[in-house]
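K.L.:
Got a file for you: model-v9.pdb, PDB, C-alpha atoms.
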```pdb
MODEL        1
ATOM      1  CA  MET D 259     -17.948  -7.248   7.533  1.00  0.00           C
ATOM      2  CA  ARG D 260     -20.703  -5.807   9.716  1.00  0.00           C
ATOM      3  CA  GLN D 261     -19.105  -7.229  12.831  1.00  0.00           C
ATOM      4  CA  TYR D 262     -17.000  -4.748  14.746  1.00  0.00           C
ATOM      5  CA  TRP D 263     -14.291  -6.906  16.320  1.00  0.00           C
ATOM      6  CA  TRP D 264     -11.840  -6.471  13.459  1.00  0.00           C
ATOM      7  CA  LYS D 265     -12.348  -2.699  13.479  1.00  0.00           C
ATOM      8  CA  ILE D 266     -11.594  -2.600  17.194  1.00  0.00           C
ATOM      9  CA  LEU D 267      -8.563  -4.811  16.526  1.00  0.00           C
ATOM     10  CA  SER D 268      -7.360  -2.395  13.838  1.00  0.00           C
ATOM     11  CA  ILE D 269      -7.577   0.583  16.213  1.00  0.00           C
ATOM     12  CA  ALA D 270      -5.866  -1.357  19.009  1.00  0.00           C
ATOM     13  CA  LEU D 271      -3.008  -2.524  16.779  1.00  0.00           C
ATOM     14  CA  LEU D 272      -2.409   0.957  15.362  1.00  0.00           C
ATOM     15  CA  LEU D 273      -2.434   2.498  18.847  1.00  0.00           C
ATOM     16  CA  TYR D 274       0.078  -0.155  19.886  1.00  0.00           C
ATOM     17  CA  THR D 275       2.181   0.612  16.808  1.00  0.00           C
ATOM     18  CA  PHE D 276       2.262   4.356  17.473  1.00  0.00           C
ATOM     19  CA  ILE D 277       3.016   3.990  21.170  1.00  0.00           C
ATOM     20  CA  ALA D 278       5.540   1.155  20.946  1.00  0.00           C
ATOM     21  CA  GLY D 279       7.047   2.495  17.726  1.00  0.00           C
ATOM     22  CA  PHE D 280       7.992   5.783  19.355  1.00  0.00           C
ATOM     23  CA  LEU D 281       8.944   4.420  22.776  1.00  0.00           C
ATOM     24  CA  VAL D 282      10.725   1.120  22.055  1.00  0.00           C
ATOM     25  CA  GLU D 283      14.475   1.084  22.505  1.00  0.00           C
ATOM     26  CA  LEU D 284      15.974   0.469  19.101  1.00  0.00           C
ATOM     27  CA  PRO D 285      18.578  -2.297  18.758  1.00  0.00           C
ATOM     28  CA  HIS D 286      21.959  -0.599  19.021  1.00  0.00           C
ATOM     29  CA  LYS D 287      23.372  -2.374  15.971  1.00  0.00           C
ATOM     30  CA  VAL D 288      20.439  -1.379  13.769  1.00  0.00           C
ATOM     31  CA  ALA D 289      20.360   2.269  14.789  1.00  0.00           C
ATOM     32  CA  TYR D 290      24.031   3.089  15.245  1.00  0.00           C
ATOM     33  CA  GLU D 291      26.584   0.477  14.184  1.00  0.00           C
ATOM     34  CA  ASP D 292      27.336   0.426  10.446  1.00  0.00           C
ATOM     35  CA  SER D 293      24.288   2.605   9.838  1.00  0.00           C
ATOM     36  CA  ASN D 294      23.186   6.231   9.708  1.00  0.00           C
ATOM     37  CA  LEU D 295      19.548   5.538  10.560  1.00  0.00           C
ATOM     38  CA  TYR D 296      19.569   6.599  14.219  1.00  0.00           C
ATOM     39  CA  GLU D 297      16.099   7.513  15.521  1.00  0.00           C
ATOM     40  CA  SER D 298      14.689   7.774  11.974  1.00  0.00           C
ATOM     41  CA  MET D 299      14.595   3.986  12.145  1.00  0.00           C
ATOM     42  CA  ARG D 300      11.242   4.359  13.915  1.00  0.00           C
ATOM     43  CA  ASN D 301       9.745   5.192  10.520  1.00  0.00           C
ATOM     44  CA  PHE D 302      10.230   1.508   9.708  1.00  0.00           C
ATOM     45  CA  PHE D 303       7.088   0.738  11.735  1.00  0.00           C
ATOM     46  CA  PHE D 304       5.011   3.000   9.480  1.00  0.00           C
ATOM     47  CA  HIS D 305       6.611   3.174   6.036  1.00  0.00           C
ATOM     48  CA  VAL D 306       7.072  -0.541   5.383  1.00  0.00           C
ATOM     49  CA  PRO D 307       3.722  -1.757   6.846  1.00  0.00           C
ATOM     50  CA  MET D 308       1.921   0.776   4.652  1.00  0.00           C
ATOM     51  CA  TRP D 309       3.451  -0.816   1.560  1.00  0.00           C
ATOM     52  CA  PHE D 310       2.542  -4.281   2.836  1.00  0.00           C
ATOM     53  CA  GLY D 311      -1.024  -3.095   3.370  1.00  0.00           C
ATOM     54  CA  GLN D 312      -1.122  -1.500  -0.054  1.00  0.00           C
ATOM     55  CA  LEU D 313       0.011  -4.706  -1.739  1.00  0.00           C
ATOM     56  CA  ILE D 314      -2.696  -6.688   0.054  1.00  0.00           C
ATOM     57  CA  LEU D 315      -5.401  -4.166  -0.865  1.00  0.00           C
ATOM     58  CA  ILE D 316      -4.560  -4.018  -4.568  1.00  0.00           C
ATOM     59  CA  THR D 317      -4.355  -7.823  -4.605  1.00  0.00           C
ATOM     60  CA  VAL D 318      -7.933  -7.938  -3.283  1.00  0.00           C
ATOM     61  CA  SER D 319      -8.858  -5.416  -6.001  1.00  0.00           C
ATOM     62  CA  LEU D 320      -7.252  -7.715  -8.591  1.00  0.00           C
ATOM     63  CA  VAL D 321      -9.316 -10.675  -7.359  1.00  0.00           C
ATOM     64  CA  TYR D 322     -12.555  -8.709  -7.689  1.00  0.00           C
ATOM     65  CA  SER D 323     -11.606  -7.547 -11.195  1.00  0.00           C
ATOM     66  CA  ILE D 324     -11.082 -11.167 -12.229  1.00  0.00           C
ATOM     67  CA  LYS D 325     -14.402 -12.099 -10.624  1.00  0.00           C
ATOM     68  CA  TYR D 326     -16.078  -9.288 -12.558  1.00  0.00           C
ATOM     69  CA  LEU D 327     -14.753 -10.542 -15.886  1.00  0.00           C
ATOM     70  CA  ARG D 328     -15.996 -14.039 -15.073  1.00  0.00           C
ATOM     71  CA  LYS D 329     -19.421 -12.827 -13.915  1.00  0.00           C
ATOM     72  CA  PRO D 330     -20.132  -9.106 -14.442  1.00  0.00           C
ATOM     73  CA  ASN D 331     -21.790  -7.507 -11.430  1.00  0.00           C
ATOM     74  CA  ALA D 332     -21.899  -3.845 -10.421  1.00  0.00           C
ATOM     75  CA  THR D 333     -21.157  -4.628  -6.761  1.00  0.00           C
ATOM     76  CA  THR D 334     -18.062  -6.638  -7.708  1.00  0.00           C
ATOM     77  CA  ASP D 335     -16.868  -3.697  -9.802  1.00  0.00           C
ATOM     78  CA  TYR D 336     -17.308  -1.356  -6.839  1.00  0.00           C
ATOM     79  CA  TYR D 337     -15.288  -3.690  -4.646  1.00  0.00           C
ATOM     80  CA  ALA D 338     -12.437  -3.673  -7.181  1.00  0.00           C
ATOM     81  CA  LEU D 339     -12.593   0.126  -7.439  1.00  0.00           C
ATOM     82  CA  SER D 340     -12.745   0.802  -3.704  1.00  0.00           C
ATOM     83  CA  PHE D 341      -9.856  -1.491  -2.772  1.00  0.00           C
ATOM     84  CA  ALA D 342      -7.769   0.023  -5.581  1.00  0.00           C
ATOM     85  CA  GLN D 343      -8.568   3.535  -4.313  1.00  0.00           C
ATOM     86  CA  THR D 344      -7.589   2.753  -0.733  1.00  0.00           C
ATOM     87  CA  GLY D 345      -4.494   0.867  -1.856  1.00  0.00           C
ATOM     88  CA  THR D 346      -3.373   3.816  -3.968  1.00  0.00           C
ATOM     89  CA  VAL D 347      -3.845   6.243  -1.074  1.00  0.00           C
ATOM     90  CA  MET D 348      -1.843   3.956   1.189  1.00  0.00           C
ATOM     91  CA  GLY D 349       0.845   3.714  -1.486  1.00  0.00           C
ATOM     92  CA  CYS D 350       1.031   7.525  -1.629  1.00  0.00           C
ATOM     93  CA  LEU D 351       1.438   7.619   2.154  1.00  0.00           C
ATOM     94  CA  GLY D 352       4.175   5.000   1.843  1.00  0.00           C
ATOM     95  CA  LEU D 353       5.933   7.118  -0.782  1.00  0.00           C
ATOM     96  CA  ILE D 354       5.689  10.228   1.420  1.00  0.00           C
ATOM     97  CA  THR D 355       6.992   8.487   4.544  1.00  0.00           C
ATOM     98  CA  GLY D 356       9.774   7.009   2.420  1.00  0.00           C
ATOM     99  CA  ALA D 357      10.739  10.479   1.169  1.00  0.00           C
ATOM    100  CA  ILE D 358      10.844  11.774   4.746  1.00  0.00           C
ATOM    101  CA  TRP D 359      13.061   8.850   5.737  1.00  0.00           C
ATOM    102  CA  ALA D 360      15.305   9.316   2.704  1.00  0.00           C
ATOM    103  CA  ASN D 361      15.813  12.961   3.629  1.00  0.00           C
ATOM    104  CA  TYR D 362      17.508  11.908   6.860  1.00  0.00           C
ATOM    105  CA  THR D 363      19.400   8.848   5.648  1.00  0.00           C
ATOM    106  CA  TRP D 364      20.312   9.745   2.053  1.00  0.00           C
ATOM    107  CA  GLY D 365      20.442  13.539   2.385  1.00  0.00           C
ATOM    108  CA  ALA D 366      17.462  14.381   0.159  1.00  0.00           C
ATOM    109  CA  PRO D 367      13.789  13.347   0.026  1.00  0.00           C
ATOM    110  CA  TRP D 368      14.090  12.283  -3.628  1.00  0.00           C
ATOM    111  CA  ASN D 369      17.244  10.616  -4.957  1.00  0.00           C
ATOM    112  CA  ASN D 370      15.971   9.031  -8.191  1.00  0.00           C
ATOM    113  CA  ASP D 371      16.547   5.687  -6.528  1.00  0.00           C
ATOM    114  CA  PRO D 372      15.126   2.781  -8.601  1.00  0.00           C
ATOM    115  CA  LYS D 373      12.787   1.827  -5.763  1.00  0.00           C
ATOM    116  CA  GLN D 374      11.448   5.379  -5.523  1.00  0.00           C
ATOM    117  CA  LEU D 375      11.047   5.678  -9.283  1.00  0.00           C
ATOM    118  CA  GLY D 376       9.382   2.271  -9.558  1.00  0.00           C
ATOM    119  CA  ALA D 377       6.909   3.075  -6.780  1.00  0.00           C
ATOM    120  CA  ALA D 378       6.067   6.460  -8.330  1.00  0.00           C
ATOM    121  CA  VAL D 379       5.491   4.977 -11.791  1.00  0.00           C
ATOM    122  CA  ALA D 380       3.365   2.175 -10.329  1.00  0.00           C
ATOM    123  CA  LEU D 381       1.165   4.696  -8.505  1.00  0.00           C
ATOM    124  CA  LEU D 382       0.796   6.752 -11.689  1.00  0.00           C
ATOM    125  CA  ILE D 383      -0.406   3.628 -13.495  1.00  0.00           C
ATOM    126  CA  TYR D 384      -3.105   3.183 -10.854  1.00  0.00           C
ATOM    127  CA  LEU D 385      -4.049   6.860 -11.054  1.00  0.00           C
ATOM    128  CA  ALA D 386      -4.544   6.349 -14.788  1.00  0.00           C
ATOM    129  CA  TYR D 387      -6.959   3.535 -13.876  1.00  0.00           C
ATOM    130  CA  PHE D 388      -9.210   6.017 -12.087  1.00  0.00           C
ATOM    131  CA  VAL D 389      -8.985   8.511 -14.943  1.00  0.00           C
ATOM    132  CA  LEU D 390      -9.940   5.757 -17.399  1.00  0.00           C
ATOM    133  CA  ARG D 391     -12.960   4.774 -15.320  1.00  0.00           C
ATOM    134  CA  SER D 392     -14.202   8.355 -15.034  1.00  0.00           C
ATOM    135  CA  SER D 393     -13.973   8.827 -18.815  1.00  0.00           C
ATOM    136  CA  ILE D 394     -16.444   5.995 -19.576  1.00  0.00           C
ATOM    137  CA  THR D 395     -20.131   6.572 -18.878  1.00  0.00           C
ATOM    138  CA  ASP D 396     -21.572   3.201 -19.878  1.00  0.00           C
ATOM    139  CA  MET D 397     -21.514   0.996 -16.754  1.00  0.00           C
ATOM    140  CA  ASP D 398     -20.975  -2.367 -18.460  1.00  0.00           C
ATOM    141  CA  LYS D 399     -18.277  -1.095 -20.799  1.00  0.00           C
ATOM    142  CA  ARG D 400     -16.605   0.787 -17.937  1.00  0.00           C
ATOM    143  CA  GLY D 401     -16.598  -2.298 -15.726  1.00  0.00           C
ATOM    144  CA  ARG D 402     -15.054  -4.565 -18.376  1.00  0.00           C
ATOM    145  CA  ILE D 403     -12.375  -2.102 -19.512  1.00  0.00           C
ATOM    146  CA  ALA D 404     -11.536  -1.105 -15.941  1.00  0.00           C
ATOM    147  CA  ALA D 405     -11.234  -4.745 -14.873  1.00  0.00           C
ATOM    148  CA  VAL D 406      -8.833  -5.546 -17.717  1.00  0.00           C
ATOM    149  CA  TYR D 407      -6.762  -2.438 -16.999  1.00  0.00           C
ATOM    150  CA  ASN D 408      -6.698  -3.215 -13.265  1.00  0.00           C
ATOM    151  CA  ILE D 409      -5.254  -6.654 -13.981  1.00  0.00           C
ATOM    152  CA  PHE D 410      -2.695  -5.076 -16.322  1.00  0.00           C
ATOM    153  CA  ALA D 411      -1.797  -2.455 -13.682  1.00  0.00           C
ATOM    154  CA  TYR D 412      -1.261  -5.075 -10.997  1.00  0.00           C
ATOM    155  CA  PHE D 413       1.141  -7.151 -13.068  1.00  0.00           C
ATOM    156  CA  ILE D 414       3.091  -4.016 -13.983  1.00  0.00           C
ATOM    157  CA  TYR D 415       3.136  -2.906 -10.347  1.00  0.00           C
ATOM    158  CA  ILE D 416       4.809  -6.069  -9.011  1.00  0.00           C
ATOM    159  CA  PRO D 417       7.927  -5.897 -11.233  1.00  0.00           C
ATOM    160  CA  MET D 418       8.196  -2.123 -10.764  1.00  0.00           C
ATOM    161  CA  ILE D 419       8.539  -2.271  -6.980  1.00  0.00           C
ATOM    162  CA  MET D 420       9.686  -5.818  -6.214  1.00  0.00           C
ATOM    163  CA  ILE D 421      11.792  -7.123  -9.115  1.00  0.00           C
ATOM    164  CA  LEU D 422      13.401  -4.325 -11.145  1.00  0.00           C
ATOM    165  CA  PRO D 423      14.880  -2.449  -8.121  1.00  0.00           C
ATOM    166  CA  ARG D 424      16.702  -5.651  -7.147  1.00  0.00           C
ATOM    167  CA  LEU D 425      18.359  -5.876 -10.554  1.00  0.00           C
ATOM    168  CA  VAL D 426      20.014  -2.451 -10.543  1.00  0.00           C
ATOM    169  CA  GLU D 427      22.193  -0.425  -8.192  1.00  0.00           C
ATOM    170  CA  SER D 428      20.065   0.976  -5.393  1.00  0.00           C
ATOM    171  CA  LEU D 429      20.429   2.842  -2.126  1.00  0.00           C
ATOM    172  CA  HIS D 430      17.353   1.075  -0.845  1.00  0.00           C
ATOM    173  CA  PRO D 431      17.894  -2.091   1.271  1.00  0.00           C
ATOM    174  CA  GLY D 432      17.450  -5.153  -0.895  1.00  0.00           C
ATOM    175  CA  GLY D 433      18.641  -3.495  -4.070  1.00  0.00           C
ATOM    176  CA  LYS D 434      21.601  -4.714  -6.119  1.00  0.00           C
ATOM    177  CA  GLY D 435      24.818  -3.514  -4.539  1.00  0.00           C
ATOM    178  CA  SER D 436      23.034  -2.576  -1.316  1.00  0.00           C
ATOM    179  CA  GLU D 437      24.100  -4.349   1.834  1.00  0.00           C
ATOM    180  CA  GLY D 438      20.882  -3.286   3.521  1.00  0.00           C
ATOM    181  CA  ASN D 439      20.733  -2.605   7.223  1.00  0.00           C
ATOM    182  CA  PRO D 440      21.397  -5.185   9.907  1.00  0.00           C
ATOM    183  CA  GLY D 441      18.318  -6.432  11.687  1.00  0.00           C
ATOM    184  CA  MET D 442      15.936  -4.956   9.123  1.00  0.00           C
ATOM    185  CA  GLY D 443      15.042  -7.580   6.599  1.00  0.00           C
ATOM    186  CA  GLY D 444      13.490 -11.024   6.354  1.00  0.00           C
ATOM    187  CA  ASN D 445      14.629 -13.560   8.894  1.00  0.00           C
ATOM    188  CA  SER D 446      17.232 -11.107  10.218  1.00  0.00           C
ATOM    189  CA  LEU D 447      14.572  -8.676  11.481  1.00  0.00           C
ATOM    190  CA  ASP D 448      15.426  -8.007  15.108  1.00  0.00           C
ATOM    191  CA  PRO D 449      12.908  -9.688  17.502  1.00  0.00           C
ATOM    192  CA  SER D 450      12.295  -6.433  19.378  1.00  0.00           C
ATOM    193  CA  MET D 451      11.227  -4.836  16.085  1.00  0.00           C
ATOM    194  CA  ARG D 452       9.307  -7.841  14.797  1.00  0.00           C
ATOM    195  CA  ILE D 453       6.785  -7.686  17.641  1.00  0.00           C
ATOM    196  CA  ILE D 454       5.872  -4.163  16.521  1.00  0.00           C
ATOM    197  CA  PHE D 455       6.298  -4.580  12.764  1.00  0.00           C
ATOM    198  CA  TRP D 456       3.848  -7.442  12.167  1.00  0.00           C
ATOM    199  CA  PRO D 457       1.047  -5.976  14.315  1.00  0.00           C
ATOM    200  CA  ALA D 458       1.582  -2.753  12.341  1.00  0.00           C
ATOM    201  CA  VAL D 459       1.132  -4.629   9.043  1.00  0.00           C
ATOM    202  CA  ILE D 460      -2.110  -6.180  10.286  1.00  0.00           C
ATOM    203  CA  GLY D 461      -3.334  -2.881  11.718  1.00  0.00           C
ATOM    204  CA  TRP D 462      -2.721  -0.845   8.556  1.00  0.00           C
ATOM    205  CA  THR D 463      -4.244  -3.586   6.394  1.00  0.00           C
ATOM    206  CA  LEU D 464      -7.401  -3.775   8.518  1.00  0.00           C
ATOM    207  CA  LEU D 465      -7.661   0.021   8.419  1.00  0.00           C
ATOM    208  CA  GLY D 466      -7.425  -0.143   4.620  1.00  0.00           C
ATOM    209  CA  VAL D 467     -10.171  -2.776   4.491  1.00  0.00           C
ATOM    210  CA  TRP D 468     -12.328  -0.648   6.799  1.00  0.00           C
ATOM    211  CA  ILE D 469     -11.930   2.435   4.605  1.00  0.00           C
ATOM    212  CA  SER D 470     -12.577   0.340   1.488  1.00  0.00           C
ATOM    213  CA  THR D 471     -15.881  -0.990   2.863  1.00  0.00           C
ATOM    214  CA  LEU D 472     -16.979   2.579   3.557  1.00  0.00           C
ATOM    215  CA  ARG D 473     -16.014   3.572   0.015  1.00  0.00           C
ATOM    216  CA  ILE D 474     -18.020   0.640  -1.382  1.00  0.00           C
ATOM    217  CA  ARG D 475     -21.134   1.784   0.460  1.00  0.00           C
ATOM    218  CA  VAL D 476     -20.621   5.364  -0.763  1.00  0.00           C
ATOM    219  CA  ASN D 477     -20.137   4.227  -4.377  1.00  0.00           C
ATOM    220  CA  ILE D 478     -23.286   2.068  -4.274  1.00  0.00           C
ATOM    221  CA  LEU D 479     -25.341   4.912  -2.757  1.00  0.00           C
ATOM    222  CA  GLU D 480     -24.047   7.362  -5.373  1.00  0.00           C
ATOM    223  CA  GLU D 481     -24.953   4.951  -8.170  1.00  0.00           C
ATOM    224  CA  LYS D 482     -28.451   4.444  -6.794  1.00  0.00           C
ATOM    225  CA  LYS D 483     -28.862   8.221  -6.532  1.00  0.00           C
ATOM    226  CA  HIS D 484     -27.701   8.599 -10.142  1.00  0.00           C
ATOM    227  CA  GLU D 485     -30.111   5.908 -11.338  1.00  0.00           C
ATOM    228  CA  ALA D 486     -32.958   7.556  -9.437  1.00  0.00           C
ATOM    229  CA  SER D 487     -32.229  10.932 -11.027  1.00  0.00           C
ATOM    230  CA  MET D 488     -32.170   9.357 -14.502  1.00  0.00           C
ATOM    231  CA  SER D 489     -35.526   7.606 -14.069  1.00  0.00           C
TER     232      SER D 489
ENDMDL
END
```
Take the structure from the file and write it as structure tokens.

P.N.:
Amino acid sequence: MRQYWWKILSIALLLYTFIAGFLVELPHKVAYEDSNLYESMRNFFFHVPMWFGQLILITVSLVYSIKYLRKPNATTDYYALSFAQTGTVMGCLGLITGAIWANYTWGAPWNNDPKQLGAAVALLIYLAYFVLRSSITDMDKRGRIAAVYNIFAYFIYIPMIMILPRLVESLHPGGKGSEGNPGMGGNSLDPSMRIIFWPAVIGWTLLGVWISTLRIRVNILEEKKHEASMS
């Protein structure tokens, strides 16, 4: 993690995403035919990759929580905490960019759409994780309880944003009764958008990892400072 190449790659990919995302000519069918997206479609290069990055970050947090339960270690606990923190922030940014997009395509920033509600509830569950941690002073007890809750939160999160919205009527592409938008999903993603979308996913994910590593160092330093003041 102390090597810098991946940090440089993150900056380069995000610069590419911002420049290409705002300057690329959108596929006519995606932006205009059978759609009301128009130029707001450019938000696709930011909103969706943020959610991809968030899912990756909280998955890493899940792995470290499992590792902590198998072999308790303060550093492992800090890794789980820091990746969960960064993932939650990225999820909030995804929710905000989604609300901005919804305002232009659905007429209001919040429409009580199942995908919006699921994402909001999932983020609240993770916020409760941080509140739970801060309420426990004993390190060992805090680590164990937080790890169990983090695992619980993750397996609630997945159905809330990826399964339940597909089972009910939804305005969001991919939901039940939604025809989606041509050229936007899965194998149908237009090639001119794919060459920006996937670098954006990698860029946002690497940025999240970068921020998480900084948070880990801060958490470890704060703990050492606390231990020094207690001794």

K.L.:
Kindly resolve the PyMOL selection byres ((chain D and resi 379) around 12) on the present coordinates and return the residues as a CSV table (one decimal) with C-alpha atoms, keeping the file's coordinate frame.

P.N.:
```csv
chain,number,residue,atom,x,y,z
D,346,THR,CA,-3.4,3.8,-4.0
D,349,GLY,CA,0.8,3.7,-1.5
D,350,CYS,CA,1.0,7.5,-1.6
D,353,LEU,CA,5.9,7.1,-0.8
D,370,ASN,CA,16.0,9.0,-8.2
D,372,PRO,CA,15.1,2.8,-8.6
D,373,LYS,CA,12.8,1.8,-5.8
D,374,GLN,CA,11.4,5.4,-5.5
D,375,LEU,CA,11.0,5.7,-9.3
D,376,GLY,CA,9.4,2.3,-9.6
D,377,ALA,CA,6.9,3.1,-6.8
D,378,ALA,CA,6.1,6.5,-8.3
D,380,ALA,CA,3.4,2.2,-10.3
D,381,LEU,CA,1.2,4.7,-8.5
D,382,LEU,CA,0.8,6.8,-11.7
D,383,ILE,CA,-0.4,3.6,-13.5
D,384,TYR,CA,-3.1,3.2,-10.9
D,385,LEU,CA,-4.0,6.9,-11.1
D,386,ALA,CA,-4.5,6.3,-14.8
D,411,ALA,CA,-1.8,-2.5,-13.7
D,414,ILE,CA,3.1,-4.0,-14.0
D,415,TYR,CA,3.1,-2.9,-10.3
D,416,ILE,CA,4.8,-6.1,-9.0
D,417,PRO,CA,7.9,-5.9,-11.2
D,418,MET,CA,8.2,-2.1,-10.8
D,419,ILE,CA,8.5,-2.3,-7.0
```

K.L.:
Name the residues that the PyMOL selection byres ((chain D and resi 361-368) around 9) pulls out of this structure, and write them as a PyMOL selection string.

P.N.:
chain D and resi 293-296+298+354+356-360+369-371+374+429

K.L.:
Excluding Arg402 in chain D and residues on its chain fewer than 2 positions from it, collect all residues at most 9 Å away from it, counting only C-alpha atoms, and give them as an mmCIF file with C-alpha atoms, in the frame of the given file.

P.N.:
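Below you can see part-v9.cif, which holds the result:
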```cif
data_model
loop_
_atom_site.group_PDB
_atom_site.id
_atom_site.type_symbol
_atom_site.label_atom_id
_atom_site.label_comp_id
_atom_site.auth_asym_id
_atom_site.auth_seq_id
_atom_site.Cartn_x
_atom_site.Cartn_y
_atom_site.Cartn_z
ATOM 1 C CA SER D 323 -11.606 -7.547 -11.195
ATOM 2 C CA TYR D 326 -16.078 -9.288 -12.558
ATOM 3 C CA LEU D 327 -14.753 -10.542 -15.886
ATOM 4 C CA PRO D 330 -20.132 -9.106 -14.442
ATOM 5 C CA ASP D 335 -16.868 -3.697 -9.802
ATOM 6 C CA MET D 397 -21.514 0.996 -16.754
ATOM 7 C CA ASP D 398 -20.975 -2.367 -18.460
ATOM 8 C CA LYS D 399 -18.277 -1.095 -20.799
ATOM 9 C CA ARG D 400 -16.605 0.787 -17.937
ATOM 10 C CA ALA D 404 -11.536 -1.105 -15.941
ATOM 11 C CA ALA D 405 -11.234 -4.745 -14.873
ATOM 12 C CA VAL D 406 -8.833 -5.546 -17.717
ATOM 13 C CA TYR D 407 -6.762 -2.438 -16.999
#
```

K.L.:
Would you list the contacts of Ile269 in chain D as a list in words, taking every protein, DNA or RNA residue within 9 Å and counting only C-alpha atoms, but skipping same-chain residues closer than 6 positions in sequence?

P.N.:
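Non-adjacent residues within range: Gly461, Leu464 and Leu465 of chain D.
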
K.L.:
Determine the nearest neighbour of Phe410 in chain D from the options D:Ala332, D:Ser340, D:Ile324, D:Lys483, counting all atoms listed in the file.

P.N.:
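Closest residue, counting all atoms listed in the file: D:Ile324.
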
K.L.:
Run the PyMOL selection byres ((chain D and resi 313) around 10) on the file and write out the hits as a ChimeraX atom specification.

P.N.:
/D:307-312,314-319,342,345-346,348-349,412,415-416,463

K.L.:
What does the distance from CA of Arg328 in chain D to CA of Ile403 in chain D come to in Å, to one decimal?

P.N.:
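Value for the CA of Arg328 in chain D-CA of Ile403 in chain D distance: 13.2 Å.
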
K.L.:
Rank D:Leu479, D:Leu422, D:Leu472, D:Ala458 by their smallest atom-to-atom distance to Phe303 in chain D, using all atoms listed in the file, and report the top residue only.

P.N.:
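Ranking D:Leu479, D:Leu422, D:Leu472, D:Ala458 by distance to Phe303 in chain D, first place goes to D:Ala458.
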